[in-house]
Amino acid sequence: MLETGRHGTAVADDLVEAAREWAADDPDPETRAEMESLVLAVEGGDPAARADLTDRFGGLLQFGTAGLRGALGAGPHRMNRAVVIRAAAGLVAHLEEVTDTPFVVIGRDARHKSEAFATDTAAVVTAAGGRAVLLPEPLPTPVLAFAVRHLGADAGVMVTASHNPPQDNGYKVYLGDGSQIVPPVDGQIAAQIERVASVASVPRAESGWELLGEEIVEAYLEAISAVVAPDTPRDVTVLHTSLHGVGDRTVQRAFARAGFPEPQRVTGQADPDPDFPTVSFPNPEEDGALDLALTQAAQHSPDLVIANDPDADRCAVAVPSDGGWRLLRGDELGVLLASHLIMRGVPEGRRMANSIVSSRLLAAMCAQSGVAHEETLTGFKWIARVPGLYYGYEEALGYCVAPDIVRDKDGISAALLIAELAAILKAEGRSLLSVLDDLHTQLGVHATDAFSVRVTDLADLGLLMTRLREDPPAQLAGSPVTRADDLSLGDGRLPPTDGLRYLLADATRVIVRPSGTEPKLKVYLEAIEPVAEPADLASARERAAQRLGRVRAAMAALTSLA
């Protein structure tokens with residue numbers, strides 16, 4: 001049955017009634033008022049409001065990469081206190097199946113609503129008879145990942161949307177071993193969340209949780225400062241930006257603890273600010289994100305520019321090049337860190353790993369040096385689970401340089417390690433780029449590129465993937481596709497995942513997959529070009545770049561929504 005709005009627009013009774021019920025159950029006056037206002041607009045016949053309300057009730061926000069992530073706002077398909085309280089109740093119910101007194105450690109970044117979400121989680125855990133422990137202030141995600149194992153918790157929750165836009169927030173869940181959740185645990189927690197009838201039915205304590213002090217940060221700093229050797233050079237100047245996130249103070253303390261000069265700060269970006277006012281997108285991978293840092297670097301000439309994303313689990317590095325500055329690609333930084341660790345010596349029985357969308361150069365380096373290597377699905381929830389992991393990375397600026405300390409990507413310990421390598425090379429009169437030259441000369445130029453196709457309707461992601469599955473390319477940029485893998489079927493070594501992989505006759509590789517954290521399709525490219533002799537390196541790089549450009553154009557046409 002339909003009711004008619006004041007302007008004659010039919011409005012579904014069940015949608016409006018669901019919105020009213022949600023608003024009545026919402027503990028947050030701000031989002032409750034937001035929902036009530038939207039309902040009034042729908043009843044008034046506003047078609048945009050109706051579409052908005054339909055989207056907000058398009059299902060409960062689902063667990064994706066290690067938990068929840070989405071836009072802030074009212075309704076079940078947004079990040080808000082009502083959704084977080086349900087998620088906390090589901091997590092506790094899951095933990096109660098294996099322990100009588102769940103112990104959960106909770107961290108948060110400085111985004112909008114992060115403090116409320118963290119407190120609500122603590123209130124739910126405490127009311128259920130569990131032990132909830134809050135980190136003392138907004139801190140990097142690696143500190144929370146470290147704290148889970150350090151404190152012996154059953155689970156960890158980090159309230160963060162990492163590098164997402166300002167309007168987003170998220171809820172990242174760790175298991176007691178310090179790793180992110182993976183199937184089937186994510187599904188089991190989701191099933192418990194579905195059983196939560198209402199927020200009103202979830203008991204919440206008004207007090208009783210614990211607030212940690214600086215000792216947890218001190219323990220983290222003491223542990224990660226050991227990633228650098230005690231007797232290596234420390235003469236390196238670093239300019240650092242936290243992109244308005246929570247990494248600045250921890251990075252400063254980490255460098256001092258490890259014996260390095262404290263990094264210079266990028267003026268205007270050091271303090272946490274949930275609106276990220278100086279960047280259009282707070283991700284160091286994005287064009288323009290490091291403009292302020294590179295402008296300051298041009299004035300002060302540091303040896304390195306290091307950037308962390310807002311929750312400091314990722315690390316980006318820019319280096320001097322031809323009178324300016326060059327941002328290293330994620331794969332370039334990944335193999336530089338690996339080369340440093342290989343030169344120091346990888347203990348017997350340990351291995352290195354990277355994701356399937358990352359460069360194949362790490363595998364070649366490991367084969368050359370006799371180090372075991374493994375390829376995983378995208379994400380550190382998979383990389384961190386590699387048995388005997390010594391080092392793991394993925395091209396999206398994620399590096400796990402000390403898995404025995406933090407079983408996840410950690411942009412702070414990675415910053416320490418790359419600073420150590422840069423200081424060693426500086427003392428030798430060399431640079432990070434010279435190490436890349438050596439690697440490419442020995443093992444071939446491994447040139448990588450990536451682009452994204454952003455969508456406003458998530459259904460378009462499925463349409464694009466279906467189109468490629470039903471009509472796969474026979475060739476790309478003139479090179480035959482010799483192998484096409486539908487990764488949703490599994491490849492014999494990896495669990496199934498929604499993705500496609502094409503291997504071309506000229507050794508080019510293309511991988512296409514939907515993002516796990518943002519509404520976009522991601523396309524990853526890699527071309528390998530042999531280097532006959534050192535003098536051929538520049539021309540080999542040019543050949544690889546030209547090939548990547550042609551393949552990128554071909555894939556852009558195949559993935560166009562036009």
# chains A, B, ... in the order shown; residues from 1 in each chain; ligands from 1
call {"tool": "closest_atom_pairs", "arguments": {"of": "region 515-558 of chain A", "to": "region 163-185 of chain A", "cutoff": "12 Å", "atoms": "only C-alpha atoms", "output": "tab-separated table"}}
result
residue	atom	partner	partner_atom	distance
A:Gly516	CA	A:Asn164	CA	11.9
A:Thr517	CA	A:Asn164	CA	8.3
A:Glu518	CA	A:Asn164	CA	7.8
A:Pro519	CA	A:Asn164	CA	10.9
call {"tool": "residues_around", "arguments": {"residues": "region 299-306 of chain A", "least_positions_apart": "2", "cutoff": "6 Å", "atoms": "only C-alpha atoms", "output": "ChimeraX atom specification"}}
result
/A:237-240,296-297,316-319
call {"tool": "write_last_selection", "arguments": {"atoms": "C-alpha atoms", "output": "tab-separated table (two decimals), in the first residue's frame"}}
result
chain	number	residue	atom	x	y	z
A	237	THR	CA	67.19	14.45	7.32
A	238	VAL	CA	63.50	13.69	6.91
A	239	LEU	CA	60.52	15.91	6.21
A	240	HIS	CA	57.35	14.22	7.47
A	296	GLN	CA	58.38	22.65	1.67
A	297	ALA	CA	60.98	20.07	0.61
A	316	ALA	CA	54.98	6.95	1.18
A	317	VAL	CA	58.45	8.22	0.32
A	318	ALA	CA	59.63	10.91	-2.09
A	319	VAL	CA	63.30	11.30	-3.06
call {"tool": "closest_atom_pairs", "arguments": {"of": "region 65-93 of chain A", "to": "region 26-45 of chain A", "cutoff": "7 Å", "atoms": "only C-alpha atoms", "output": "CSV"}}
result
residue,atom,partner,partner_atom,distance
A:Gly73,CA,A:Thr31,CA,6.3
A:Ala74,CA,A:Thr31,CA,4.9
A:Arg81,CA,A:Asp28,CA,6.5
A:Ala82,CA,A:Asp26,CA,5.6
call {"tool": "write_last_selection", "arguments": {"atoms": "N, CA and C atoms", "output": "compact mmCIF listing (two decimals), in the first residue's frame"}}
result
# COMPACT_ATOMS: atom_id res chain seq x y z
N GLY A 73 26.49 9.12 8.62
CA GLY A 73 25.12 9.58 8.41
C GLY A 73 24.13 8.64 9.06
N ALA A 74 22.86 9.00 8.97
CA ALA A 74 21.80 8.21 9.59
C ALA A 74 21.37 7.07 8.68
N ARG A 81 26.27 5.73 15.24
CA ARG A 81 26.33 5.05 16.53
C ARG A 81 25.42 3.82 16.56
N ALA A 82 24.27 3.90 15.92
CA ALA A 82 23.36 2.75 15.92
C ALA A 82 23.99 1.55 15.24
call {"tool": "residues_around", "arguments": {"residues": "Ser198 (chain A)", "least_positions_apart": "4", "cutoff": "12 Å", "atoms": "only C-alpha atoms", "output": "PDB file with C-alpha atoms, in the first residue's frame"}}
result
ATOM      1  CA  GLU A  21      11.481   3.025  13.524  1.00  0.00           C
ATOM      2  CA  TRP A  22      15.201   3.493  12.917  1.00  0.00           C
ATOM      3  CA  ALA A  23      15.060   7.112  14.085  1.00  0.00           C
ATOM      4  CA  ALA A  24      13.161   6.134  17.235  1.00  0.00           C
ATOM      5  CA  ASP A  25      15.876   3.568  18.033  1.00  0.00           C
ATOM      6  CA  ASP A  26      18.835   5.855  17.236  1.00  0.00           C
ATOM      7  CA  PRO A  27      20.732   6.914  20.400  1.00  0.00           C
ATOM      8  CA  PRO A  76      21.589   1.181   8.408  1.00  0.00           C
ATOM      9  CA  ALA A  82      23.356   2.753  15.920  1.00  0.00           C
ATOM     10  CA  VAL A  83      25.325   0.685  13.392  1.00  0.00           C
ATOM     11  CA  VAL A  84      28.426   0.650  15.616  1.00  0.00           C
ATOM     12  CA  ILE A  85      26.482  -0.489  18.695  1.00  0.00           C
ATOM     13  CA  ARG A  86      25.014  -3.340  16.677  1.00  0.00           C
ATOM     14  CA  ALA A  87      28.479  -4.231  15.377  1.00  0.00           C
ATOM     15  CA  ALA A  89      27.077  -6.428  20.119  1.00  0.00           C
ATOM     16  CA  GLY A  90      27.716  -8.848  17.257  1.00  0.00           C
ATOM     17  CA  ILE A 193      24.947  -8.502  14.064  1.00  0.00           C
ATOM     18  CA  GLU A 194      21.879  -9.556  12.072  1.00  0.00           C
ATOM     19  CA  VAL A 202      21.761  -3.895  23.494  1.00  0.00           C
ATOM     20  CA  PRO A 203      22.888  -3.269  27.104  1.00  0.00           C
TER      21      PRO A 203
END
call {"tool": "residues_around", "arguments": {"residues": "region 128-130 of chain A", "least_positions_apart": "3", "cutoff": "12 Å", "atoms": "only C-alpha atoms", "output": "PyMOL selection string"}}
result
chain A and resi 88-96+99-105+121-125+133+153-155+202-205+208-210
call {"tool": "write_last_selection", "arguments": {"atoms": "C-alpha atoms", "output": "PDB file, in the first residue's frame"}}
result
ATOM      1  CA  ALA A  88      29.902  -4.213  18.904  1.00  0.00           C
ATOM      2  CA  ALA A  89      27.077  -6.428  20.119  1.00  0.00           C
ATOM      3  CA  GLY A  90      27.716  -8.848  17.257  1.00  0.00           C
ATOM      4  CA  LEU A  91      31.431  -8.932  17.979  1.00  0.00           C
ATOM      5  CA  VAL A  92      30.838  -9.603  21.675  1.00  0.00           C
ATOM      6  CA  ALA A  93      28.322 -12.352  20.891  1.00  0.00           C
ATOM      7  CA  HIS A  94      30.902 -13.975  18.616  1.00  0.00           C
ATOM      8  CA  LEU A  95      33.619 -13.751  21.272  1.00  0.00           C
ATOM      9  CA  GLU A  96      31.301 -15.201  23.909  1.00  0.00           C
ATOM     10  CA  THR A  99      35.377 -17.162  26.066  1.00  0.00           C
ATOM     11  CA  ASP A 100      33.238 -16.263  29.070  1.00  0.00           C
ATOM     12  CA  THR A 101      34.855 -12.858  29.573  1.00  0.00           C
ATOM     13  CA  PRO A 102      35.758 -11.206  26.272  1.00  0.00           C
ATOM     14  CA  PHE A 103      38.747  -8.875  26.457  1.00  0.00           C
ATOM     15  CA  VAL A 104      38.683  -6.189  23.760  1.00  0.00           C
ATOM     16  CA  VAL A 105      41.198  -3.375  23.275  1.00  0.00           C
ATOM     17  CA  THR A 121      32.071  -0.211  21.832  1.00  0.00           C
ATOM     18  CA  ALA A 122      33.591  -0.092  25.316  1.00  0.00           C
ATOM     19  CA  ALA A 123      30.133   0.360  26.826  1.00  0.00           C
ATOM     20  CA  VAL A 124      28.760  -2.704  25.013  1.00  0.00           C
ATOM     21  CA  VAL A 125      31.722  -4.916  25.938  1.00  0.00           C
ATOM     22  CA  VAL A 133      40.375  -1.233  27.352  1.00  0.00           C
ATOM     23  CA  ALA A 153      43.298  -9.378  24.236  1.00  0.00           C
ATOM     24  CA  ASP A 154      40.743 -11.626  22.568  1.00  0.00           C
ATOM     25  CA  ALA A 155      40.074  -8.989  19.904  1.00  0.00           C
ATOM     26  CA  VAL A 202      21.761  -3.895  23.494  1.00  0.00           C
ATOM     27  CA  PRO A 203      22.888  -3.269  27.104  1.00  0.00           C
ATOM     28  CA  ARG A 204      25.430  -0.454  27.454  1.00  0.00           C
ATOM     29  CA  ALA A 205      27.360   0.371  30.585  1.00  0.00           C
ATOM     30  CA  GLY A 208      33.590   0.430  33.998  1.00  0.00           C
ATOM     31  CA  TRP A 209      35.988   0.272  31.079  1.00  0.00           C
ATOM     32  CA  GLU A 210      39.703   0.993  31.412  1.00  0.00           C
TER      33      GLU A 210
END
call {"tool": "residues_around", "arguments": {"residues": "region 356-366 of chain A", "least_positions_apart": "2", "cutoff": "10 Å", "atoms": "only C-alpha atoms", "output": "VMD selection string"}}
result
chain A and resid 330 to 332 334 to 336 338 to 339 342 351 to 354 368 to 379 392 to 396 439 to 440 442 to 450 494 501 509 to 513 522 to 528
call {"tool": "atom_distance", "arguments": {"atom1": "CA of His340 (chain A)", "atom2": "CA of Ala307 (chain A)"}}
result
19.9 Å
call {"tool": "select_by_dssp", "arguments": {"residues": "region 101-235 of chain A", "states": "helix (DSSP H, G or I)", "output": "ChimeraX atom specification"}}
result
/A:114-127,141-151,185-194,199-201,215-227
call {"tool": "residues_around", "arguments": {"residues": "Ser321 (chain A)", "least_positions_apart": "4", "cutoff": "12 Å", "atoms": "only C-alpha atoms", "output": "PyMOL selection string"}}
result
chain A and resi 298+301+303-304+325-328+431-434
call {"tool": "residues_around", "arguments": {"residues": "Glu214 (chain A)", "least_positions_apart": "3", "cutoff": "10 Å", "atoms": "only C-alpha atoms", "output": "short mmCIF file (atom, residue, chain, number, x, y, z; two decimals) with N, CA and C atoms, in the first residue's frame"}}
result
data_model
loop_
_atom_site.label_atom_id
_atom_site.label_comp_id
_atom_site.auth_asym_id
_atom_site.auth_seq_id
_atom_site.Cartn_x
_atom_site.Cartn_y
_atom_site.Cartn_z
N LEU A 135 42.60 2.80 24.21
CA LEU A 135 43.87 3.48 24.08
C LEU A 135 43.72 4.92 24.59
N PRO A 136 44.80 5.54 25.05
CA PRO A 136 44.68 6.79 25.80
C PRO A 136 44.26 8.01 24.99
N GLU A 137 44.42 7.99 23.69
CA GLU A 137 44.14 9.16 22.84
C GLU A 137 44.04 8.66 21.40
N VAL A 217 51.94 3.15 24.47
CA VAL A 217 52.68 3.80 23.39
C VAL A 217 54.18 3.59 23.58
N GLU A 218 54.64 3.69 24.83
CA GLU A 218 56.05 3.45 25.12
C GLU A 218 56.46 2.04 24.73
N ALA A 219 55.59 1.06 25.02
CA ALA A 219 55.90 -0.33 24.68
C ALA A 219 56.00 -0.50 23.17
#
call {"tool": "closest_residue", "arguments": {"among": "A:Val199, A:Ala484, A:Val455, A:Leu294", "to": "Arg469 (chain A)", "atoms": "only C-alpha atoms"}}
result
A:Ala484
call {"tool": "atom_distance", "arguments": {"atom1": "CA of Glu262 (chain A)", "atom2": "CA of Ala110 (chain A)"}}
result
23.0 Å
call {"tool": "atom_distance", "arguments": {"atom1": "CA of Gly75 (chain A)", "atom2": "CA of Pro514 (chain A)"}}
result
24.3 Å
call {"tool": "closest_residue", "arguments": {"among": "A:Gly490, A:Gly156, A:Pro233, A:Gly323", "to": "Val143 (chain A)", "atoms": "only C-alpha atoms"}}
result
A:Gly156
call {"tool": "select_by_dssp", "arguments": {"residues": "region 400-496 of chain A", "states": "strand (DSSP E or B)", "output": "list in words"}}
result
Cys400, Val445, His446, Ala447, Thr448, Asp449, Ala450, Phe451, Ser452, Val453, Arg454, Gln475, Leu476, Ser479, Pro480, Val481, Thr482, Arg483, Ala484, Asp485 and Asp486 of chain A
call {"tool": "write_last_selection", "arguments": {"atoms": "N, CA and C atoms", "output": "mmCIF file, in the first residue's frame"}}
result
data_model
loop_
_atom_site.group_PDB
_atom_site.id
_atom_site.type_symbol
_atom_site.label_atom_id
_atom_site.label_comp_id
_atom_site.auth_asym_id
_atom_site.auth_seq_id
_atom_site.Cartn_x
_atom_site.Cartn_y
_atom_site.Cartn_z
ATOM 1 N N CYS A 400 54.756 -4.419 6.027
ATOM 2 C CA CYS A 400 54.875 -5.094 7.319
ATOM 3 C C CYS A 400 56.332 -5.511 7.459
ATOM 4 N N VAL A 445 63.642 -4.564 -15.764
ATOM 5 C CA VAL A 445 62.760 -3.472 -15.359
ATOM 6 C C VAL A 445 61.367 -4.055 -15.107
ATOM 7 N N HIS A 446 60.881 -3.838 -13.907
ATOM 8 C CA HIS A 446 59.514 -4.220 -13.554
ATOM 9 C C HIS A 446 58.743 -2.919 -13.365
ATOM 10 N N ALA A 447 58.078 -2.480 -14.418
ATOM 11 C CA ALA A 447 57.349 -1.211 -14.392
ATOM 12 C C ALA A 447 55.887 -1.468 -14.062
ATOM 13 N N THR A 448 55.360 -0.726 -13.110
ATOM 14 C CA THR A 448 53.976 -0.937 -12.687
ATOM 15 C C THR A 448 53.176 0.357 -12.833
ATOM 16 N N ASP A 449 51.881 0.185 -12.962
ATOM 17 C CA ASP A 449 50.954 1.303 -13.045
ATOM 18 C C ASP A 449 49.594 0.810 -12.570
ATOM 19 N N ALA A 450 48.723 1.730 -12.253
ATOM 20 C CA ALA A 450 47.375 1.363 -11.819
ATOM 21 C C ALA A 450 46.449 2.542 -12.060
ATOM 22 N N PHE A 451 45.193 2.244 -12.276
ATOM 23 C CA PHE A 451 44.188 3.303 -12.348
ATOM 24 C C PHE A 451 42.869 2.753 -11.819
ATOM 25 N N SER A 452 41.967 3.669 -11.496
ATOM 26 C CA SER A 452 40.685 3.280 -10.921
ATOM 27 C C SER A 452 39.540 3.845 -11.747
ATOM 28 N N VAL A 453 38.441 3.117 -11.746
ATOM 29 C CA VAL A 453 37.203 3.579 -12.356
ATOM 30 C C VAL A 453 36.206 3.779 -11.222
ATOM 31 N N ARG A 454 35.956 5.030 -10.858
ATOM 32 C CA ARG A 454 35.042 5.314 -9.746
ATOM 33 C C ARG A 454 33.595 5.224 -10.226
ATOM 34 N N GLN A 475 43.475 -9.956 -26.957
ATOM 35 C CA GLN A 475 44.765 -9.284 -27.008
ATOM 36 C C GLN A 475 44.608 -7.919 -26.378
ATOM 37 N N LEU A 476 45.736 -7.378 -25.930
ATOM 38 C CA LEU A 476 45.758 -6.034 -25.368
ATOM 39 C C LEU A 476 46.952 -5.295 -25.945
ATOM 40 N N SER A 479 49.404 -7.355 -28.020
ATOM 41 C CA SER A 479 50.037 -8.556 -27.472
ATOM 42 C C SER A 479 48.948 -9.565 -27.096
ATOM 43 N N PRO A 480 49.035 -10.807 -27.575
ATOM 44 C CA PRO A 480 48.002 -11.798 -27.273
ATOM 45 C C PRO A 480 47.902 -12.089 -25.777
ATOM 46 N N VAL A 481 46.678 -12.296 -25.311
ATOM 47 C CA VAL A 481 46.451 -12.747 -23.938
ATOM 48 C C VAL A 481 46.655 -14.263 -23.926
ATOM 49 N N THR A 482 47.723 -14.714 -23.302
ATOM 50 C CA THR A 482 48.042 -16.141 -23.307
ATOM 51 C C THR A 482 47.369 -16.890 -22.166
ATOM 52 N N ARG A 483 46.923 -16.141 -21.137
ATOM 53 C CA ARG A 483 46.255 -16.787 -20.013
ATOM 54 C C ARG A 483 45.295 -15.794 -19.371
ATOM 55 N N ALA A 484 44.072 -16.235 -19.149
ATOM 56 C CA ALA A 484 43.059 -15.408 -18.485
ATOM 57 C C ALA A 484 42.521 -16.185 -17.295
ATOM 58 N N ASP A 485 42.731 -15.677 -16.099
ATOM 59 C CA ASP A 485 42.295 -16.353 -14.870
ATOM 60 C C ASP A 485 41.125 -15.607 -14.247
ATOM 61 N N ASP A 486 40.047 -16.333 -13.981
ATOM 62 C CA ASP A 486 38.950 -15.793 -13.191
ATOM 63 C C ASP A 486 39.242 -16.149 -11.737
#
call {"tool": "closest_residue", "arguments": {"among": "A:Val228, A:Pro142, A:Pro274, A:Leu72", "to": "Leu417 (chain A)", "atoms": "only C-alpha atoms"}}
result
A:Val228
